[in-house]
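Peer 1: Pasting query-v1.cif here (mmCIF, C-alpha atoms and all ligand atoms):
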```
data_entry
loop_
_atom_site.group_PDB
_atom_site.id
_atom_site.type_symbol
_atom_site.label_atom_id
_atom_site.label_comp_id
_atom_site.auth_asym_id
_atom_site.auth_seq_id
_atom_site.Cartn_x
_atom_site.Cartn_y
_atom_site.Cartn_z
ATOM 1 C CA MET A 1 110.892 101.095 84.256
ATOM 2 C CA SER A 2 107.509 101.334 82.639
ATOM 3 C CA VAL A 3 104.334 99.978 84.126
ATOM 4 C CA LYS A 4 101.723 98.716 81.619
ATOM 5 C CA SER A 5 98.572 99.236 83.692
ATOM 6 C CA LEU A 6 97.007 99.116 87.112
ATOM 7 C CA ASN A 7 96.383 95.423 87.833
ATOM 8 C CA HIS A 8 94.509 95.339 91.149
ATOM 9 C CA ILE A 9 93.945 97.000 94.505
ATOM 10 C CA GLY A 10 94.391 94.802 97.585
ATOM 11 C CA ILE A 11 92.134 95.226 100.612
ATOM 12 C CA ALA A 12 92.879 93.445 103.898
ATOM 13 C CA VAL A 13 89.783 91.812 105.425
ATOM 14 C CA ARG A 14 89.169 89.585 108.422
ATOM 15 C CA SER A 15 86.544 87.598 106.524
ATOM 16 C CA ILE A 16 85.827 87.470 102.787
ATOM 17 C CA GLU A 17 82.394 86.059 103.559
ATOM 18 C CA ASP A 18 81.446 89.101 105.665
ATOM 19 C CA GLN A 19 82.348 91.560 102.887
ATOM 20 C CA GLN A 20 81.276 89.660 99.776
ATOM 21 C CA ALA A 21 77.761 91.180 99.725
ATOM 22 C CA PHE A 22 79.137 94.734 99.945
ATOM 23 C CA TYR A 23 81.390 94.341 96.875
ATOM 24 C CA GLY A 24 79.146 91.993 94.898
ATOM 25 C CA ASP A 25 75.672 93.378 95.675
ATOM 26 C CA THR A 26 75.939 96.884 97.147
ATOM 27 C CA LEU A 27 78.654 98.051 94.717
ATOM 28 C CA GLY A 28 77.558 95.543 92.083
ATOM 29 C CA LEU A 29 81.067 94.403 91.077
ATOM 30 C CA GLU A 30 81.354 91.148 89.172
ATOM 31 C CA PHE A 31 82.593 88.354 91.454
ATOM 32 C CA GLU A 32 85.329 86.294 89.792
ATOM 33 C CA ASN A 33 86.761 83.646 92.102
ATOM 34 C CA VAL A 34 88.258 82.781 95.467
ATOM 35 C CA GLU A 35 91.662 81.129 95.632
ATOM 36 C CA ASP A 36 94.326 80.189 98.156
ATOM 37 C CA VAL A 37 97.760 81.767 97.795
ATOM 38 C CA PRO A 38 99.852 79.606 100.132
ATOM 39 C CA SER A 39 103.075 81.529 99.443
ATOM 40 C CA GLN A 40 101.434 84.615 100.996
ATOM 41 C CA GLN A 41 99.327 82.791 103.627
ATOM 42 C CA VAL A 42 96.130 84.366 102.319
ATOM 43 C CA ARG A 43 92.862 83.431 100.707
ATOM 44 C CA VAL A 44 91.865 85.967 98.088
ATOM 45 C CA ALA A 45 88.575 86.913 96.419
ATOM 46 C CA PHE A 46 88.561 88.836 93.145
ATOM 47 C CA PHE A 47 85.901 91.241 91.913
ATOM 48 C CA ARG A 48 86.088 93.047 88.571
ATOM 49 C CA ALA A 49 85.636 96.806 88.273
ATOM 50 C CA GLY A 50 86.043 97.258 84.517
ATOM 51 C CA ASP A 51 89.612 96.232 83.655
ATOM 52 C CA ILE A 52 90.779 96.528 87.261
ATOM 53 C CA ARG A 53 90.344 93.949 89.976
ATOM 54 C CA ILE A 54 89.585 94.463 93.649
ATOM 55 C CA GLU A 55 91.340 91.736 95.658
ATOM 56 C CA LEU A 56 90.053 90.951 99.151
ATOM 57 C CA LEU A 57 92.842 89.387 101.232
ATOM 58 C CA GLU A 58 91.898 87.185 104.166
ATOM 59 C CA PRO A 59 94.784 85.822 106.275
ATOM 60 C CA THR A 60 94.971 82.031 106.603
ATOM 61 C CA SER A 61 97.458 82.078 109.475
ATOM 62 C CA ALA A 62 98.472 84.379 112.313
ATOM 63 C CA ASP A 63 101.925 84.675 110.661
ATOM 64 C CA SER A 64 100.471 86.030 107.418
ATOM 65 C CA PRO A 65 101.637 89.570 106.511
ATOM 66 C CA VAL A 66 97.944 90.426 106.183
ATOM 67 C CA ALA A 67 97.165 89.188 109.724
ATOM 68 C CA LYS A 68 99.944 91.427 111.044
ATOM 69 C CA PHE A 69 98.642 94.356 108.998
ATOM 70 C CA ILE A 70 95.085 93.982 110.350
ATOM 71 C CA GLU A 71 96.342 93.610 113.904
ATOM 72 C CA LYS A 72 98.385 96.815 113.600
ATOM 73 C CA ARG A 73 96.241 99.010 111.332
ATOM 74 C CA GLY A 74 92.810 97.367 111.091
ATOM 75 C CA GLU A 75 91.018 96.280 107.919
ATOM 76 C CA GLY A 76 91.347 98.431 104.799
ATOM 77 C CA LEU A 77 93.508 99.376 101.806
ATOM 78 C CA HIS A 78 96.592 97.168 101.784
ATOM 79 C CA HIS A 79 98.455 97.502 98.465
ATOM 80 C CA VAL A 80 98.386 98.704 94.865
ATOM 81 C CA ALA A 81 99.524 96.312 92.118
ATOM 82 C CA TYR A 82 100.794 97.150 88.625
ATOM 83 C CA THR A 83 101.150 94.943 85.558
ATOM 84 C CA VAL A 84 104.665 94.750 84.102
ATOM 85 C CA ASP A 85 106.523 92.760 81.470
ATOM 86 C CA ASP A 86 109.646 90.800 82.396
ATOM 87 C CA ILE A 87 109.304 91.193 86.164
ATOM 88 C CA GLN A 88 112.850 89.995 86.900
ATOM 89 C CA ALA A 89 114.273 92.820 84.759
ATOM 90 C CA ARG A 90 111.942 95.359 86.453
ATOM 91 C CA ILE A 91 113.129 94.182 89.898
ATOM 92 C CA ALA A 92 116.749 94.608 88.785
ATOM 93 C CA GLU A 93 116.014 98.167 87.574
ATOM 94 C CA LEU A 94 114.366 99.122 90.863
ATOM 95 C CA ARG A 95 117.250 97.690 92.864
ATOM 96 C CA GLU A 96 119.770 99.505 90.679
ATOM 97 C CA SER A 97 117.967 102.763 91.403
ATOM 98 C CA GLY A 98 118.461 102.077 95.121
ATOM 99 C CA LEU A 99 114.942 100.962 96.047
ATOM 100 C CA ARG A 100 114.373 98.233 98.611
ATOM 101 C CA MET A 101 112.527 95.150 97.378
ATOM 102 C CA ILE A 102 110.743 92.718 99.714
ATOM 103 C CA ASP A 103 111.041 90.117 96.927
ATOM 104 C CA GLU A 104 114.280 90.106 94.996
ATOM 105 C CA THR A 105 113.071 87.210 92.917
ATOM 106 C CA PRO A 106 109.466 86.847 91.751
ATOM 107 C CA ARG A 107 107.142 84.477 93.582
ATOM 108 C CA PRO A 108 103.887 82.832 92.556
ATOM 109 C CA GLY A 109 100.732 84.860 93.215
ATOM 110 C CA ALA A 110 97.042 84.483 92.421
ATOM 111 C CA HIS A 111 95.851 83.936 88.818
ATOM 112 C CA HIS A 112 99.175 82.223 87.977
ATOM 113 C CA MET A 113 100.940 85.583 88.055
ATOM 114 C CA GLN A 114 104.537 86.132 89.097
ATOM 115 C CA ILE A 115 104.618 88.837 91.751
ATOM 116 C CA ALA A 116 107.130 90.932 93.715
ATOM 117 C CA PHE A 117 106.627 93.604 96.387
ATOM 118 C CA LEU A 118 108.567 96.818 96.949
ATOM 119 C CA HIS A 119 109.060 97.724 100.588
ATOM 120 C CA PRO A 120 106.579 100.467 101.619
ATOM 121 C CA LYS A 121 109.495 102.506 103.016
ATOM 122 C CA SER A 122 110.798 102.759 99.410
ATOM 123 C CA SER A 123 107.409 103.701 97.949
ATOM 124 C CA PHE A 124 106.315 106.528 100.224
ATOM 125 C CA GLY A 125 104.178 104.404 102.537
ATOM 126 C CA VAL A 126 102.172 102.592 99.824
ATOM 127 C CA LEU A 127 102.872 98.857 99.639
ATOM 128 C CA THR A 128 103.449 98.377 95.888
ATOM 129 C CA GLU A 129 103.317 95.098 93.972
ATOM 130 C CA LEU A 130 104.556 94.226 90.496
ATOM 131 C CA CYS A 131 102.654 91.476 88.641
ATOM 132 C CA GLU A 132 103.539 89.624 85.481
ATOM 133 C CA PRO A 133 100.526 87.721 84.136
ATOM 134 C CA ALA A 134 101.069 84.200 82.841
ATOM 135 C CA LYS A 135 101.696 83.947 79.100
ATOM 136 C CA HIS A 136 98.956 81.964 77.393
HETATM 137 N N1 LIG B 201 101.109 99.345 103.480
HETATM 138 C C1 LIG B 201 101.891 100.369 103.919
HETATM 139 N N2 LIG B 201 102.763 100.229 104.962
HETATM 140 C C2 LIG B 201 102.826 99.017 105.553
HETATM 141 C C3 LIG B 201 102.049 97.923 105.138
HETATM 142 C C4 LIG B 201 101.155 98.122 104.054
HETATM 143 N N3 LIG B 201 100.387 97.145 103.587
HETATM 144 N N4 LIG B 201 102.335 96.860 105.916
HETATM 145 C C5 LIG B 201 103.262 97.271 106.799
HETATM 146 N N5 LIG B 201 103.555 98.562 106.582
HETATM 147 C C6 LIG B 201 104.512 99.389 107.301
HETATM 148 C C7 LIG B 201 104.335 99.251 108.805
HETATM 149 O O1 LIG B 201 103.297 100.111 109.268
HETATM 150 C C8 LIG B 201 105.703 99.664 109.320
HETATM 151 O O2 LIG B 201 105.821 101.062 109.319
HETATM 152 P P1 LIG B 201 106.371 101.828 110.629
HETATM 153 O O3 LIG B 201 107.774 101.274 110.814
HETATM 154 O O4 LIG B 201 106.361 103.263 110.222
HETATM 155 O O5 LIG B 201 105.436 101.459 111.724
HETATM 156 C C9 LIG B 201 106.634 99.125 108.215
HETATM 157 O O6 LIG B 201 105.825 98.912 107.053
HETATM 158 C C10 LIG B 201 107.269 97.800 108.593
HETATM 159 O O7 LIG B 201 106.230 97.003 109.044
HETATM 160 P P2 LIG B 201 106.412 95.978 110.207
HETATM 161 O O8 LIG B 201 105.138 95.828 110.924
HETATM 162 O O9 LIG B 201 107.630 96.286 111.001
HETATM 163 O O10 LIG B 201 106.815 94.709 109.393
HETATM 164 P P3 LIG B 201 105.930 93.535 108.942
HETATM 165 O O11 LIG B 201 106.551 92.331 109.527
HETATM 166 O O12 LIG B 201 104.488 93.762 109.155
HETATM 167 O O13 LIG B 201 106.192 93.548 107.372
HETATM 168 C C11 LIG B 201 105.923 94.104 105.118
HETATM 169 C C12 LIG B 201 105.710 94.573 106.549
HETATM 170 C C13 LIG B 201 105.346 95.166 104.179
HETATM 171 C C14 LIG B 201 107.428 93.938 104.883
HETATM 172 C C15 LIG B 201 105.199 92.736 104.957
HETATM 173 O O14 LIG B 201 103.824 92.917 105.212
HETATM 174 C C16 LIG B 201 105.384 92.115 103.598
HETATM 175 O O15 LIG B 201 106.374 91.454 103.338
HETATM 176 N N6 LIG B 201 104.417 92.338 102.658
HETATM 177 C C17 LIG B 201 104.500 91.797 101.322
HETATM 178 C C18 LIG B 201 103.730 90.523 101.164
HETATM 179 C C19 LIG B 201 102.253 90.736 101.350
HETATM 180 O O16 LIG B 201 101.783 91.776 101.818
HETATM 181 N N7 LIG B 201 101.478 89.706 100.954
HETATM 182 C C20 LIG B 201 100.048 89.722 101.042
HETATM 183 C C21 LIG B 201 99.391 89.984 99.704
HETATM 184 C C22 LIG B 201 99.477 88.775 98.805
HETATM 185 C C23 LIG B 201 98.845 88.916 97.445
HETATM 186 O O17 LIG B 201 98.443 90.009 96.981
HETATM 187 O O18 LIG B 201 98.748 87.858 96.789
#
```
Let me see the structure of the file written as C-alpha cells.

Peer 2:
Amino acid sequence: MSVKSLNHIGIAVRSIEDQQAFYGDTLGLEFENVEDVPSQQVRVAFFRAGDIRIELLEPTSADSPVAKFIEKRGEGLHHVAYTVDDIQARIAELRESGLRMIDETPRPGAHHMQIAFLHPKSSFGVLTELCEPAKH
C-alpha cells in the first residue's frame, strides 16, 4: 500500500455559513466551492491551503454520520483523507492485512472522486479516507 499524498482534512461543522469567515477571512484560505454529497448526507465546503484542502462537512440529515459525530463529540476534526491510485486494489490490500473497511467498494465523493473509509477502530482512532481523483 502506498499513499501518494495527503488529500484533505475533514472538519465536522453544524453550519458552513457560520464558519466560512473564519477559514476564508481570518485564516485567509482560498474558498473553492460548496457541493452536496448525497451518498454521505453532507454538504461540503472546500478551502485550499497550498496543495491540501480543508473540507467543512455540514450534515444534511439527522441520519448523516456527521450529525451523529457532532451529537456525540461536538464540532471539530473528523477525518484525514489520502490520495491513492487504483482504490479498489488498495481496499483489497487493506482487507488482506486484516483491517476493517467501512466501504468495501468505493463510493462517489466530492470533486468526482471515488472514496472509501477505514473503520476508526482499525486506524487507531483516526477516521481515515482513501480518495482516487477522477481521471481527466
Ligand atoms: N473519528 C474517530 N472515531 C470516530 C469517528 C470519527 N470521525 N466517528 C465515530 N467514531 C468512533 C466512535 O466514537 C465510536 O467509538 P467508541 O466505540 O469508542 O465510542 C466508534 O467510532 C463507533 O462509532 P458509533 O457511534 O458506534 O458508530 P457510528 O454509527 O457513529 O459510525 C462510523 C461511526 C465511523 C462507522 C461512521 O461515522 C461512518 O461510517 N463514517 C464514514 C462515512 C463518513 O464519515 N462520511 C462523512 C464524510 C463524507 C465525505 O468526506 O465526503

Peer 1: Determine the axis-aligned bounding box of all atoms of ligand LIG 201 (chain B) present in the file, pad each side by 3 Å, and express its centre and edge lengths in Å to one decimal place as AutoDock Vina command-line options.

Peer 2:
```
--center_x 103.1 --center_y 95.6 --center_z 104.3 --size_x 15.3 --size_y 21.4 --size_z 20.9
```

Peer 1: So which residues get picked by the PyMOL selection byres (((chain A and resi 81-88) around 9) and not hetatm) here, written as a PyMOL selection string?

Peer 2: chain A and resi 1-10+79-80+89-93+104-106+114-117+127-133

Peer 1: Those selected residues, please, written with C-alpha atoms and delivered as a short mmCIF file (atom, residue, chain, number, x, y, z; two decimals), in the coordinates of the input.

Peer 2:
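Output contents, as saved in result10.cif:
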```cif
data_model
loop_
_atom_site.label_atom_id
_atom_site.label_comp_id
_atom_site.auth_asym_id
_atom_site.auth_seq_id
_atom_site.Cartn_x
_atom_site.Cartn_y
_atom_site.Cartn_z
CA MET A 1 110.89 101.10 84.26
CA SER A 2 107.51 101.33 82.64
CA VAL A 3 104.33 99.98 84.13
CA LYS A 4 101.72 98.72 81.62
CA SER A 5 98.57 99.24 83.69
CA LEU A 6 97.01 99.12 87.11
CA ASN A 7 96.38 95.42 87.83
CA HIS A 8 94.51 95.34 91.15
CA ILE A 9 93.94 97.00 94.50
CA GLY A 10 94.39 94.80 97.58
CA HIS A 79 98.46 97.50 98.46
CA VAL A 80 98.39 98.70 94.86
CA ALA A 89 114.27 92.82 84.76
CA ARG A 90 111.94 95.36 86.45
CA ILE A 91 113.13 94.18 89.90
CA ALA A 92 116.75 94.61 88.78
CA GLU A 93 116.01 98.17 87.57
CA GLU A 104 114.28 90.11 95.00
CA THR A 105 113.07 87.21 92.92
CA PRO A 106 109.47 86.85 91.75
CA GLN A 114 104.54 86.13 89.10
CA ILE A 115 104.62 88.84 91.75
CA ALA A 116 107.13 90.93 93.72
CA PHE A 117 106.63 93.60 96.39
CA LEU A 127 102.87 98.86 99.64
CA THR A 128 103.45 98.38 95.89
CA GLU A 129 103.32 95.10 93.97
CA LEU A 130 104.56 94.23 90.50
CA CYS A 131 102.65 91.48 88.64
CA GLU A 132 103.54 89.62 85.48
CA PRO A 133 100.53 87.72 84.14
#
```

Peer 1: Counting only C-alpha atoms and all ligand atoms, what residues are within 7 Å of ligand LIG 201 (chain B), given as number ranges by chain?

Peer 2: A: 10, 37, 40, 42, 57, 65-66, 68-69, 78-79, 102, 109-110, 117, 119-121, 125-127

Peer 1: I'd like to see the residues matched by the PyMOL selection byres (((chain A and resi 19) around 12) and not hetatm) on this file, and ideally I'd get them as a list in words.

Peer 2: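 The output of the PyMOL selection byres (((chain A and resi 19) around 12) and not hetatm) on this file is Ile11, Ala12, Val13, Arg14, Ser15, Ile16, Glu17, Asp18, Gln20, Ala21, Phe22, Tyr23, Gly24, Asp25, Thr26, Leu27, Phe31, Ala45, Phe46, Phe47, Glu55, Leu56, Leu57, Glu58, Glu75 and Gly76 of chain A.
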
Peer 1: Just how far from atom CA of Leu99 of chain A is atom CA of Ile54 of chain A, in Å to one decimal?

Peer 2: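 Atom-to-atom, atom CA of Ile54 of chain A to atom CA of Leu99 of chain A, that is 26.3 Å.
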
Peer 1: Smallest atom-to-atom distance to Pro38 of chain A: which of A:Ser97, A:Ala134, A:Ser64, A:Lys72, using only C-alpha atoms?

Peer 2: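 Closest candidate: A:Ser64.
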
Peer 1: Quick one, how far is atom CA of Glu32 of chain A from atom CA of Ala67 of chain A?

Peer 2: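 Atom-to-atom, atom CA of Glu32 of chain A to atom CA of Ala67 of chain A, that is 23.4 Å.
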
Peer 1: Could you work out how far atom CA of His112 of chain A lies from atom CA of Arg73 of chain A, giving the answer in Å with one decimal?

Peer 2: 28.9 Å
